[in-house]
There are 2 protein chains.
Amino acid sequence: MTVVDLSNNEGANIESPVASAVIYVCTTCRRPTDPEDYPRPGAALAAATIRAAENSGVTVQPLRCLANCKRGCSAVLRRTDPAVPSWTYVFGYLDPAADAEALVAGAQLLASSADGLLPWRGRPEPLKRGLIARVPPFDFSEQSE
Amino acid sequence: MTVVDLSNNEGANIESPVASAVIYVCTTCRRPTDPEDYPRPGAALAAATIRAAENSGVTVQPLRCLANCKRGCSAVLRRTDPAVPSWTYVFGYLDPAADAEALVAGAQLLASSADGLLPWRGRPEPLKRGLIARVPPFDFSEQSE
């Protein structure tokens, strides 16, 4: 199992395992206390995540709705390389001003996992408290868990 | 892995209402008011859904956790034929005694949708009020929405 130690990722361009993962960020999300104005806090989270993902190998794909509207801001993580069938993770309650780096770190952690599961250990705190759901890989059966 | 390429299936089964979809039902789910005993209400929902799906063409796959634990009972719907890239839907707040048929009807609705999206119109009520999140198809980009 290869685990990227994110604490050592500062500075130099890491040539270690390519983080092949995507973060979908909902641009229409707002928190229950936010006004309904546009652009929404979700758009700010998407922009911050795009910046945070520069040179990380992680793809950021803004989209319009993840249907997690009551629990925004929202994002989805998925590994994209086919080598390891990946679970997909839905997160909510994200802070657009603070949680972009956590999303990128989580995507790298998922991309480097040996079993396609996002480990709890080492997972950034916003991706612990903000966990909404996980979706199995396409051809999942319980036997393969 | 078995993938049916519907685009090459001309002449075979095209006319029949093949509901090519899967329902993943969390067997460890319980509602906040339920005791922590096993078997959990999620297991009852899984069993009821398997019964409801008989002869429907819908596959039911019980699994141990969808990480939607605070909002159980939980299930995920996904179209399985590759002809139309499908969104994946997460539902919560399901009633194990009442909502199995709604899951099967929802799976059939998704399987027959032209765009891989579960329409709101015609969607069973438990899949409206219980919507937790939706996850885009594997190769989704906003342009394809």
# chains A, B, ... in the order shown; residues from 1 in each chain; ligands from 1

call {"tool": "calpha_fit_rmsd", "arguments": {"fixed": "chain B", "moving": "chain A"}}
result
6.5 Å

call {"tool": "residues_around", "arguments": {"residues": "region 108-115 of chain B", "least_positions_apart": "5", "cutoff": "7 Å", "atoms": "only C-alpha atoms", "output": "MDAnalysis selection string"}}
result
chainID B and resid 19:21 79 84

call {"tool": "residues_around", "arguments": {"residues": "Arg30 (chain A)", "least_positions_apart": "3", "cutoff": "9 Å", "atoms": "only C-alpha atoms", "output": "MDAnalysis selection string"}}
result
chainID A and resid 27 33:36 40:42 69:74

call {"tool": "write_last_selection", "arguments": {"atoms": "C-alpha atoms", "output": "mmCIF file, in the first residue's frame"}}
result
data_model
loop_
_atom_site.group_PDB
_atom_site.id
_atom_site.type_symbol
_atom_site.label_atom_id
_atom_site.label_comp_id
_atom_site.auth_asym_id
_atom_site.auth_seq_id
_atom_site.Cartn_x
_atom_site.Cartn_y
_atom_site.Cartn_z
ATOM 1 C CA THR A 27 -21.162 25.770 -7.535
ATOM 2 C CA THR A 33 -27.515 30.824 6.722
ATOM 3 C CA ASP A 34 -26.257 32.218 3.415
ATOM 4 C CA PRO A 35 -28.438 34.444 1.219
ATOM 5 C CA GLU A 36 -29.742 33.058 -2.055
ATOM 6 C CA ARG A 40 -22.991 31.221 -4.364
ATOM 7 C CA PRO A 41 -20.445 30.123 -1.739
ATOM 8 C CA GLY A 42 -20.127 26.901 -3.716
ATOM 9 C CA CYS A 69 -28.534 21.310 -0.932
ATOM 10 C CA LYS A 70 -29.484 21.220 2.752
ATOM 11 C CA ARG A 71 -25.953 20.342 3.772
ATOM 12 C CA GLY A 72 -23.757 22.632 1.622
ATOM 13 C CA CYS A 73 -21.178 23.450 0.615
ATOM 14 C CA SER A 74 -20.744 20.130 -1.138
#

call {"tool": "select_by_dssp", "arguments": {"residues": "region 5-92 of chain B", "states": "strand (DSSP E)", "output": "PyMOL selection string"}}
result
chain B and resi 21-26+58-63+75-79+88-91

call {"tool": "residues_around", "arguments": {"residues": "Thr59 (chain A)", "least_positions_apart": "4", "cutoff": "12 Å", "atoms": "only C-alpha atoms", "output": "number ranges by chain"}}
result
A: 18-25, 46, 49-55, 76-81, 103-104, 107-108, 111; B: 139-141

call {"tool": "interface_residues", "arguments": {"of": "chain B", "to": "chain A", "cutoff": "8 Å", "atoms": "only C-alpha atoms", "output": "compact mmCIF listing (two decimals) with N, CA, C and O atoms, in the first residue's frame"}}
result
# COMPACT_ATOMS: atom_id res chain seq x y z
N MET B 1 -16.15 -9.15 -14.76
CA MET B 1 -17.01 -7.99 -15.08
C MET B 1 -17.81 -8.28 -16.34
O MET B 1 -17.26 -8.67 -17.36
N GLN B 61 -28.43 -5.21 -4.40
CA GLN B 61 -27.15 -5.61 -3.81
C GLN B 61 -27.06 -5.05 -2.39
O GLN B 61 -26.83 -3.85 -2.20
N PRO B 62 -27.28 -5.89 -1.38
CA PRO B 62 -27.08 -5.41 -0.01
C PRO B 62 -25.59 -5.16 0.24
O PRO B 62 -24.74 -5.86 -0.30
N LEU B 63 -25.31 -4.18 1.06
CA LEU B 63 -23.92 -3.95 1.46
C LEU B 63 -23.91 -3.37 2.87
O LEU B 63 -24.95 -3.05 3.43
N ARG B 64 -22.72 -3.26 3.41
CA ARG B 64 -22.67 -2.99 4.85
C ARG B 64 -22.72 -1.53 5.25
O ARG B 64 -23.17 -1.22 6.33
N LEU B 66 -23.17 2.67 3.65
CA LEU B 66 -23.13 3.76 2.67
C LEU B 66 -22.72 5.08 3.32
O LEU B 66 -22.76 6.12 2.69
N ALA B 67 -22.34 5.01 4.60
CA ALA B 67 -21.82 6.17 5.33
C ALA B 67 -22.85 7.30 5.45
O ALA B 67 -22.48 8.45 5.69
N ASN B 68 -24.10 6.93 5.29
CA ASN B 68 -25.18 7.91 5.46
C ASN B 68 -25.87 7.66 6.81
O ASN B 68 -27.08 7.82 6.98
N VAL B 76 -28.80 3.34 -2.53
CA VAL B 76 -28.22 4.02 -3.68
C VAL B 76 -28.81 3.40 -4.94
O VAL B 76 -28.96 2.18 -5.02
N THR B 80 -27.15 0.56 -14.76
CA THR B 80 -25.97 -0.27 -14.98
C THR B 80 -25.62 -0.48 -16.44
O THR B 80 -24.52 -0.91 -16.74
N VAL B 90 -28.28 8.90 -4.02
CA VAL B 90 -28.25 8.43 -2.63
C VAL B 90 -29.54 8.88 -1.95
O VAL B 90 -29.89 10.07 -1.99
N LEU B 131 -34.11 12.37 -0.75
CA LEU B 131 -32.92 12.59 -1.57
C LEU B 131 -31.78 13.17 -0.72
O LEU B 131 -31.94 14.19 -0.06
N ILE B 132 -30.65 12.51 -0.75
CA ILE B 132 -29.48 12.95 0.02
C ILE B 132 -28.43 13.58 -0.89
O ILE B 132 -27.89 14.63 -0.58
N ALA B 133 -28.14 12.95 -2.01
CA ALA B 133 -27.14 13.50 -2.92
C ALA B 133 -27.23 12.77 -4.26
O ALA B 133 -27.83 11.70 -4.36
N ARG B 134 -26.63 13.37 -5.26
CA ARG B 134 -26.48 12.69 -6.54
C ARG B 134 -25.03 12.85 -6.97
O ARG B 134 -24.38 13.87 -6.69
N VAL B 135 -24.52 11.83 -7.63
CA VAL B 135 -23.12 11.76 -8.02
C VAL B 135 -23.06 11.64 -9.54
O VAL B 135 -23.78 10.82 -10.12
N PRO B 136 -22.22 12.43 -10.18
CA PRO B 136 -22.22 12.42 -11.65
C PRO B 136 -21.63 11.13 -12.22
O PRO B 136 -20.93 10.39 -11.53
N PHE B 138 -19.17 8.70 -14.47
CA PHE B 138 -17.72 8.61 -14.30
C PHE B 138 -16.97 9.68 -15.07
O PHE B 138 -16.05 10.29 -14.55
N SER B 141 -18.46 15.87 -17.42
CA SER B 141 -17.98 17.24 -17.38
C SER B 141 -19.20 18.13 -17.54
O SER B 141 -20.23 17.71 -18.06
N GLU B 142 -19.11 19.35 -17.06
CA GLU B 142 -20.30 20.21 -17.02
C GLU B 142 -20.94 20.33 -18.39
O GLU B 142 -22.16 20.38 -18.51

call {"tool": "select_by_dssp", "arguments": {"residues": "region 88-139 of chain A", "states": "alpha helix (DSSP H)", "output": "NGL selection string"}}
result
:A and (100-111 or 126-129)

call {"tool": "residues_around", "arguments": {"residues": "Glu125 (chain B)", "least_positions_apart": "3", "cutoff": "12 Å", "atoms": "only C-alpha atoms", "output": "ChimeraX atom specification"}}
result
/B:91,93-95,98-99,101-103,105-106,120-122,128-131

call {"tool": "write_last_selection", "arguments": {"atoms": "C-alpha atoms", "output": "PDB file, in the first residue's frame"}}
result
ATOM      1  CA  PHE B  91     -31.426   8.242  -0.575  1.00  0.00           C
ATOM      2  CA  TYR B  93     -34.784   8.433   5.682  1.00  0.00           C
ATOM      3  CA  LEU B  94     -36.228   5.282   4.087  1.00  0.00           C
ATOM      4  CA  ASP B  95     -38.839   3.222   5.892  1.00  0.00           C
ATOM      5  CA  ALA B  98     -42.883   0.811   3.342  1.00  0.00           C
ATOM      6  CA  ASP B  99     -40.295   2.032   0.849  1.00  0.00           C
ATOM      7  CA  GLU B 101     -41.416  -0.688  -3.832  1.00  0.00           C
ATOM      8  CA  ALA B 102     -40.462   2.967  -4.205  1.00  0.00           C
ATOM      9  CA  LEU B 103     -36.815   1.996  -4.610  1.00  0.00           C
ATOM     10  CA  ALA B 105     -39.918   1.932  -9.114  1.00  0.00           C
ATOM     11  CA  GLY B 106     -37.192   4.569  -8.912  1.00  0.00           C
ATOM     12  CA  TRP B 120     -38.527  14.465 -10.522  1.00  0.00           C
ATOM     13  CA  ARG B 121     -41.848  13.946 -12.208  1.00  0.00           C
ATOM     14  CA  GLY B 122     -43.097  10.468 -11.548  1.00  0.00           C
ATOM     15  CA  LYS B 128     -38.193  12.987  -3.299  1.00  0.00           C
ATOM     16  CA  ARG B 129     -38.196  13.667   0.413  1.00  0.00           C
ATOM     17  CA  GLY B 130     -35.315  11.236   1.034  1.00  0.00           C
ATOM     18  CA  LEU B 131     -32.917  12.589  -1.574  1.00  0.00           C
TER      19      LEU B 131
END

call {"tool": "atom_distance", "arguments": {"atom1": "CA of Pro124 (chain A)", "atom2": "CA of Tyr38 (chain A)"}}
result
28.6 Å

call {"tool": "atom_distance", "arguments": {"atom1": "CA of Val58 (chain A)", "atom2": "CA of Ala97 (chain A)"}}
result
19.3 Å

call {"tool": "atom_distance", "arguments": {"atom1": "CA of Pro96 (chain A)", "atom2": "CA of Arg123 (chain A)"}}
result
18.1 Å

call {"tool": "decode", "arguments": {"residues": "region 55-97 of chain B", "atoms": "N, CA and C atoms", "output": "CSV table (one decimal), in the first residue's frame"}}
result
chain,number,residue,atom,x,y,z
B,55,ASN,N,-38.6,-10.3,-10.6
B,55,ASN,CA,-39.1,-10.2,-12.0
B,55,ASN,C,-39.2,-8.7,-12.5
B,56,SER,N,-38.5,-7.8,-11.8
B,56,SER,CA,-38.5,-6.4,-12.3
B,56,SER,C,-37.3,-6.1,-13.2
B,57,GLY,N,-36.3,-7.0,-13.2
B,57,GLY,CA,-35.1,-6.7,-14.0
B,57,GLY,C,-34.1,-5.8,-13.2
B,58,VAL,N,-34.5,-5.4,-12.0
B,58,VAL,CA,-33.6,-4.6,-11.2
B,58,VAL,C,-32.8,-5.5,-10.2
B,59,THR,N,-31.5,-5.2,-10.1
B,59,THR,CA,-30.6,-6.0,-9.2
B,59,THR,C,-30.6,-5.3,-7.9
B,60,VAL,N,-30.7,-6.1,-6.8
B,60,VAL,CA,-30.5,-5.5,-5.5
B,60,VAL,C,-29.3,-6.1,-4.9
B,61,GLN,N,-28.4,-5.2,-4.4
B,61,GLN,CA,-27.1,-5.6,-3.8
B,61,GLN,C,-27.1,-5.1,-2.4
B,62,PRO,N,-27.3,-5.9,-1.4
B,62,PRO,CA,-27.1,-5.4,0.0
B,62,PRO,C,-25.6,-5.2,0.2
B,63,LEU,N,-25.3,-4.2,1.1
B,63,LEU,CA,-23.9,-3.9,1.5
B,63,LEU,C,-23.9,-3.4,2.9
B,64,ARG,N,-22.7,-3.3,3.4
B,64,ARG,CA,-22.7,-3.0,4.8
B,64,ARG,C,-22.7,-1.5,5.2
B,65,CYS,N,-22.3,-0.6,4.4
B,65,CYS,CA,-22.4,0.8,4.9
B,65,CYS,C,-22.2,1.7,3.7
B,66,LEU,N,-23.2,2.7,3.6
B,66,LEU,CA,-23.1,3.8,2.7
B,66,LEU,C,-22.7,5.1,3.3
B,67,ALA,N,-22.3,5.0,4.6
B,67,ALA,CA,-21.8,6.2,5.3
B,67,ALA,C,-22.8,7.3,5.4
B,68,ASN,N,-24.1,6.9,5.3
B,68,ASN,CA,-25.2,7.9,5.5
B,68,ASN,C,-25.9,7.7,6.8
B,69,CYS,N,-25.1,7.3,7.8
B,69,CYS,CA,-25.5,6.7,9.0
B,69,CYS,C,-26.5,7.5,9.8
B,70,LYS,N,-26.4,8.8,9.7
B,70,LYS,CA,-27.2,9.7,10.5
B,70,LYS,C,-28.6,9.9,9.8
B,71,ARG,N,-28.7,9.4,8.6
B,71,ARG,CA,-29.9,9.7,7.9
B,71,ARG,C,-30.6,8.4,7.3
B,72,GLY,N,-30.3,7.3,8.0
B,72,GLY,CA,-30.9,6.0,7.5
B,72,GLY,C,-32.4,5.9,7.7
B,73,CYS,N,-32.9,4.8,7.0
B,73,CYS,CA,-32.3,3.8,6.2
B,73,CYS,C,-31.8,4.4,4.9
B,74,SER,N,-30.8,3.7,4.3
B,74,SER,CA,-30.2,4.3,3.1
B,74,SER,C,-30.1,3.3,2.0
B,75,ALA,N,-30.2,3.9,0.8
B,75,ALA,CA,-30.0,3.1,-0.4
B,75,ALA,C,-29.4,4.0,-1.6
B,76,VAL,N,-28.8,3.3,-2.5
B,76,VAL,CA,-28.2,4.0,-3.7
B,76,VAL,C,-28.8,3.4,-4.9
B,77,LEU,N,-29.2,4.2,-5.9
B,77,LEU,CA,-29.6,3.8,-7.2
B,77,LEU,C,-28.6,4.1,-8.3
B,78,ARG,N,-28.4,3.2,-9.2
B,78,ARG,CA,-27.6,3.5,-10.3
B,78,ARG,C,-28.0,2.6,-11.5
B,79,ARG,N,-28.0,3.3,-12.6
B,79,ARG,CA,-28.2,2.5,-13.9
B,79,ARG,C,-27.0,1.7,-14.2
B,80,THR,N,-27.2,0.6,-14.8
B,80,THR,CA,-26.0,-0.3,-15.0
B,80,THR,C,-25.6,-0.5,-16.4
B,81,ASP,N,-26.6,-0.2,-17.3
B,81,ASP,CA,-26.2,-0.4,-18.7
B,81,ASP,C,-25.4,0.8,-19.2
B,82,PRO,N,-24.3,0.6,-20.0
B,82,PRO,CA,-23.4,1.7,-20.4
B,82,PRO,C,-24.0,2.6,-21.5
B,83,ALA,N,-25.1,2.3,-22.0
B,83,ALA,CA,-25.6,3.1,-23.2
B,83,ALA,C,-25.8,4.5,-22.8
B,84,VAL,N,-26.2,4.8,-21.6
B,84,VAL,CA,-26.4,6.2,-21.2
B,84,VAL,C,-25.7,6.4,-19.9
B,85,PRO,N,-24.7,7.2,-19.8
B,85,PRO,CA,-24.0,7.5,-18.6
B,85,PRO,C,-24.9,7.9,-17.5
B,86,SER,N,-24.9,7.3,-16.4
B,86,SER,CA,-26.0,7.5,-15.4
B,86,SER,C,-25.4,8.2,-14.2
B,87,TRP,N,-26.2,9.1,-13.7
B,87,TRP,CA,-26.0,9.7,-12.3
B,87,TRP,C,-26.3,8.6,-11.3
B,88,THR,N,-25.7,8.7,-10.2
B,88,THR,CA,-26.0,7.8,-9.1
B,88,THR,C,-26.7,8.6,-8.0
B,89,TYR,N,-27.7,8.0,-7.4
B,89,TYR,CA,-28.6,8.7,-6.4
B,89,TYR,C,-28.5,8.1,-5.0
B,90,VAL,N,-28.3,8.9,-4.0
B,90,VAL,CA,-28.3,8.4,-2.6
B,90,VAL,C,-29.5,8.9,-1.9
B,91,PHE,N,-30.2,7.9,-1.3
B,91,PHE,CA,-31.4,8.2,-0.6
B,91,PHE,C,-31.3,7.8,0.9
B,92,GLY,N,-31.9,8.6,1.7
B,92,GLY,CA,-32.0,8.3,3.2
B,92,GLY,C,-33.4,8.4,3.7
B,93,TYR,N,-33.5,8.3,5.0
B,93,TYR,CA,-34.8,8.4,5.7
B,93,TYR,C,-35.8,7.4,5.1
B,94,LEU,N,-35.3,6.3,4.7
B,94,LEU,CA,-36.2,5.3,4.1
B,94,LEU,C,-36.9,4.4,5.2
B,95,ASP,N,-38.1,4.1,4.9
B,95,ASP,CA,-38.8,3.2,5.9
B,95,ASP,C,-38.7,1.8,5.4
B,96,PRO,N,-38.1,0.9,6.2
B,96,PRO,CA,-38.0,-0.5,5.8
B,96,PRO,C,-39.3,-1.2,5.6
B,97,ALA,N,-40.3,-0.7,6.2
B,97,ALA,CA,-41.6,-1.4,6.1
B,97,ALA,C,-42.4,-0.9,4.9
